[in-house]
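Written out below as structure tokens is the structure these notes cover.
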Amino acid sequence: MALNIKKSDFVKSATKPSHFPDDIYLEFFFAGKSNAGKSSMLNKICNRRKLAITSKTPGRTQLINFFLVNDNISFVDIPGYGFANTPKNVKRSWETMVINYLEYRKNIASMFIAVDIRRGVGRLDEAMLELCAGFNINANIMMTKSDKVSNSEKSKIKITTEKLLSDYKNITNIQTFSSKNGDGVNEVLEIIGNLKNFN
Ligand SMILES: Nc1nc2c(ncn2[C@@H]2O[C@H](COP(=O)(O)OP(=O)(O)O)[C@@H](O)[C@H]2O)c(=O)[nH]1
Ligand SMILES: [Mg+2]
């Protein structure tokens, strides 16, 4: 059954495992290239305008942000990747932070990866998918900003993406999403609700 989000709260930001909150709740994390629409997606599904900070300036948030939903589900906004001119040390600290997160958290149920529908799945998205596969984490591909393309383009892009990613056995859903018109919101809540009931 679809999850009904009644309540969502920011818990804390962290950069390393010793600062993470307890891993007692089932956890869903949101990843993606910076500016792909990840924070907007979190806000939209929680029906909160400013829960996760959205930005017109890509790559500002280099923190792992933890949220608590309905007092019993954890949502995590991990820093975006792939913004232009990233210094090497920032790349390295991103990697350390995210790998630590994946390694340390035992309560992860699934990942949602935001991919701008007009840009498509890129090299770094595939690297993220591979990284998750290595940790046995399932992925849901969210083709964001679907309001920017026509319905016929939407279905075409979905099919192309399914073909492109057919080798990744850890992908459980490929879904279009728009934080502007609500496309995909119910589907996301359904995915989370089903995993919550299953676990
Ligand atoms: N048209 C449209 N714009 C979006 C959508 N989602 C995000 N944006 C815009 O894209 C930019 C980046 O969004 P944000 O959520 O901060 O991306 P993040 O870096 O992945 O967290 C912002 O200017 C948003 O207003 C969407 O579904 N439709
Ligand atoms: Mg963001």
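Labels used: A, B, ... for chains in the order of the structure tokens, numbers from 1 for residues in each chain, and numbers from 1 for ligands as shown.
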
Using only C-alpha atoms and all ligand atoms, I'd like a table of the residues in chain A that come within 6 Å of ligand 1; for each, show the closest atom pair and its distance in Å rounded to one decimal, ordered by chain and ascending number, as a tab-separated table.
```
residue	atom	partner	partner_atom_place_in_ligand_line	distance
A:Ser34	CA	ligand 1	19 (O)	4.0
A:Asn35	CA	ligand 1	19 (O)	3.3
A:Ala36	CA	ligand 1	20 (O)	3.9
A:Gly37	CA	ligand 1	17 (O)	3.4
A:Lys38	CA	ligand 1	20 (O)	3.6
A:Ser39	CA	ligand 1	21 (O)	3.7
A:Ser40	CA	ligand 1	15 (O)	3.6
A:Thr54	CA	ligand 1	16 (O)	3.4
A:Ser55	CA	ligand 1	16 (O)	4.0
A:Lys56	CA	ligand 1	23 (O)	4.4
A:Pro58	CA	ligand 1	19 (O)	5.6
A:Thr144	CA	ligand 1	27 (O)	5.4
A:Lys145	CA	ligand 1	27 (O)	3.5
A:Asp147	CA	ligand 1	28 (N)	5.7
A:Lys148	CA	ligand 1	1 (N)	5.8
A:Ser178	CA	ligand 1	27 (O)	3.5
A:Ser179	CA	ligand 1	27 (O)	3.7
A:Lys180	CA	ligand 1	27 (O)	4.8
```

For this session: Please provide as JSON, numbers by chain all residues within 6 Å of stretch 17-28 of chain A, with the sequence filter that same-chain residues fewer than 2 positions apart are discarded (counting only C-alpha atoms).
Result: {"A": [14, 72, 73, 74, 75, 107, 108, 109, 110, 111]}

Problem set entry | ligand 2 neighbours within 12 Å using only C-alpha atoms and all ligand atoms, as number ranges by chain | A: 30-43, 50-65, 76-81, 83, 114

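Shortest separation to A:Lys7 among A:Asp183, A:Asp71, A:Asp116, A:Glu130 occurs at residue A:Asp71, atoms counted being only C-alpha atoms.
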
Exercise. Hey, can you check how far atom CA of A:Pro87 sits from atom CA of A:Met128?
Worked result: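 Computing it gives 19.1 Å between the two atoms.
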
Exercise. Can you list every residue in stretch 20-74 of chain A that DSSP puts in strand (DSSP E or B), as a list of chain:residue names?
Worked result: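 Answer for stretch 20-74 of chain A, restricted to strand (DSSP E or B): A:Leu26, A:Glu27, A:Phe28, A:Phe29, A:Phe30, A:Ala31, A:Gly32, A:Lys33, A:Ile64, A:Asn65, A:Phe66, A:Phe67, A:Leu68, A:Val69, A:Ile73, A:Ser74.
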
For this session: Can you list, as a PyMOL selection string, all residues belonging to stretch 76-140 of chain A that DSSP tags as helix (DSSP H, G or I)?
Result: chain A and resi 88-104+123-134

Restrict the selected residues to N, CA, C and O atoms and save them as a compact mmCIF listing (two decimals), in the first residue's frame.
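Generated file (again16.txt):
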```
# COMPACT_ATOMS: atom_id res chain seq x y z
N LYS A 88 39.69 18.17 -6.83
CA LYS A 88 39.99 16.77 -6.52
C LYS A 88 39.71 16.41 -5.07
O LYS A 88 39.17 15.34 -4.78
N ASN A 89 40.06 17.31 -4.15
CA ASN A 89 39.87 17.00 -2.72
C ASN A 89 38.37 16.90 -2.37
O ASN A 89 37.99 16.11 -1.52
N VAL A 90 37.54 17.68 -3.07
CA VAL A 90 36.10 17.61 -2.83
C VAL A 90 35.55 16.27 -3.35
O VAL A 90 34.76 15.60 -2.69
N LYS A 91 36.03 15.87 -4.52
CA LYS A 91 35.64 14.57 -5.08
C LYS A 91 36.00 13.45 -4.13
O LYS A 91 35.21 12.54 -3.88
N ARG A 92 37.22 13.53 -3.60
CA ARG A 92 37.69 12.47 -2.71
C ARG A 92 36.87 12.44 -1.42
O ARG A 92 36.50 11.37 -0.95
N SER A 93 36.54 13.61 -0.88
CA SER A 93 35.78 13.59 0.38
C SER A 93 34.34 13.14 0.12
O SER A 93 33.72 12.49 0.96
N TRP A 94 33.81 13.45 -1.06
CA TRP A 94 32.48 12.94 -1.43
C TRP A 94 32.50 11.41 -1.43
O TRP A 94 31.63 10.78 -0.84
N GLU A 95 33.52 10.85 -2.08
CA GLU A 95 33.62 9.39 -2.18
C GLU A 95 33.72 8.73 -0.82
O GLU A 95 33.02 7.77 -0.52
N THR A 96 34.60 9.28 0.02
CA THR A 96 34.79 8.72 1.35
C THR A 96 33.48 8.77 2.13
O THR A 96 33.06 7.77 2.73
N MET A 97 32.82 9.91 2.06
CA MET A 97 31.59 10.11 2.81
C MET A 97 30.50 9.12 2.36
O MET A 97 29.85 8.48 3.18
N VAL A 98 30.34 8.99 1.05
CA VAL A 98 29.26 8.14 0.53
C VAL A 98 29.58 6.66 0.73
O VAL A 98 28.71 5.88 1.12
N ILE A 99 30.82 6.28 0.50
CA ILE A 99 31.18 4.88 0.70
C ILE A 99 31.03 4.49 2.17
O ILE A 99 30.50 3.44 2.50
N ASN A 100 31.46 5.39 3.06
CA ASN A 100 31.25 5.15 4.49
C ASN A 100 29.78 4.97 4.82
O ASN A 100 29.39 4.10 5.59
N TYR A 101 28.97 5.85 4.23
CA TYR A 101 27.53 5.78 4.46
C TYR A 101 26.99 4.41 4.02
O TYR A 101 26.28 3.74 4.78
N LEU A 102 27.33 4.00 2.81
CA LEU A 102 26.79 2.73 2.27
C LEU A 102 27.28 1.53 3.07
O LEU A 102 26.55 0.57 3.28
N GLU A 103 28.52 1.63 3.53
CA GLU A 103 29.12 0.54 4.25
C GLU A 103 28.56 0.42 5.67
O GLU A 103 28.30 -0.66 6.18
N TYR A 104 28.33 1.57 6.26
CA TYR A 104 28.01 1.62 7.68
C TYR A 104 26.52 1.40 7.96
O TYR A 104 26.15 0.75 8.94
N ARG A 123 27.53 8.85 -16.95
CA ARG A 123 28.62 8.01 -16.44
C ARG A 123 28.61 7.95 -14.91
O ARG A 123 28.79 6.90 -14.32
N LEU A 124 28.38 9.09 -14.27
CA LEU A 124 28.42 9.12 -12.81
C LEU A 124 27.21 8.42 -12.19
O LEU A 124 27.30 7.82 -11.12
N ASP A 125 26.06 8.50 -12.90
CA ASP A 125 24.88 7.77 -12.43
C ASP A 125 25.16 6.26 -12.49
O ASP A 125 24.81 5.52 -11.57
N GLU A 126 25.80 5.84 -13.57
CA GLU A 126 26.13 4.42 -13.69
C GLU A 126 27.13 4.00 -12.62
O GLU A 126 27.03 2.91 -12.05
N ALA A 127 28.08 4.89 -12.31
CA ALA A 127 29.04 4.59 -11.25
C ALA A 127 28.31 4.42 -9.91
O ALA A 127 28.63 3.52 -9.12
N MET A 128 27.32 5.26 -9.68
CA MET A 128 26.53 5.19 -8.44
C MET A 128 25.75 3.87 -8.39
O MET A 128 25.67 3.22 -7.34
N LEU A 129 25.18 3.48 -9.53
CA LEU A 129 24.43 2.22 -9.60
C LEU A 129 25.34 1.04 -9.31
O LEU A 129 24.97 0.11 -8.59
N GLU A 130 26.55 1.09 -9.86
CA GLU A 130 27.51 0.02 -9.62
C GLU A 130 27.94 -0.05 -8.17
O GLU A 130 28.03 -1.12 -7.59
N LEU A 131 28.18 1.12 -7.62
CA LEU A 131 28.57 1.20 -6.21
C LEU A 131 27.49 0.53 -5.34
O LEU A 131 27.78 -0.29 -4.47
N CYS A 132 26.23 0.86 -5.61
CA CYS A 132 25.12 0.29 -4.83
C CYS A 132 25.00 -1.20 -5.05
O CYS A 132 24.75 -1.95 -4.11
N ALA A 133 25.19 -1.63 -6.28
CA ALA A 133 25.12 -3.07 -6.58
C ALA A 133 26.13 -3.82 -5.72
O ALA A 133 25.83 -4.89 -5.18
N GLY A 134 27.30 -3.21 -5.55
CA GLY A 134 28.35 -3.81 -4.73
C GLY A 134 27.95 -3.96 -3.27
O GLY A 134 28.48 -4.82 -2.56
```

For this session: Mind giving me the straight-line distance from atom CA of A:Lys156 to atom CA of A:Thr176 in Å, one decimal?
Result: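 If I compute the distance from atom CA of A:Lys156 to atom CA of A:Thr176, I get 11.3 Å.
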
Exercise. Of the candidates A:Leu189, A:Phe177, A:Ile141, A:Ser13, which shows the shortest atom-to-atom distance to A:Thr161, using only C-alpha atoms?
Worked result: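 Closest to A:Thr161, using only C-alpha atoms: A:Ile141.
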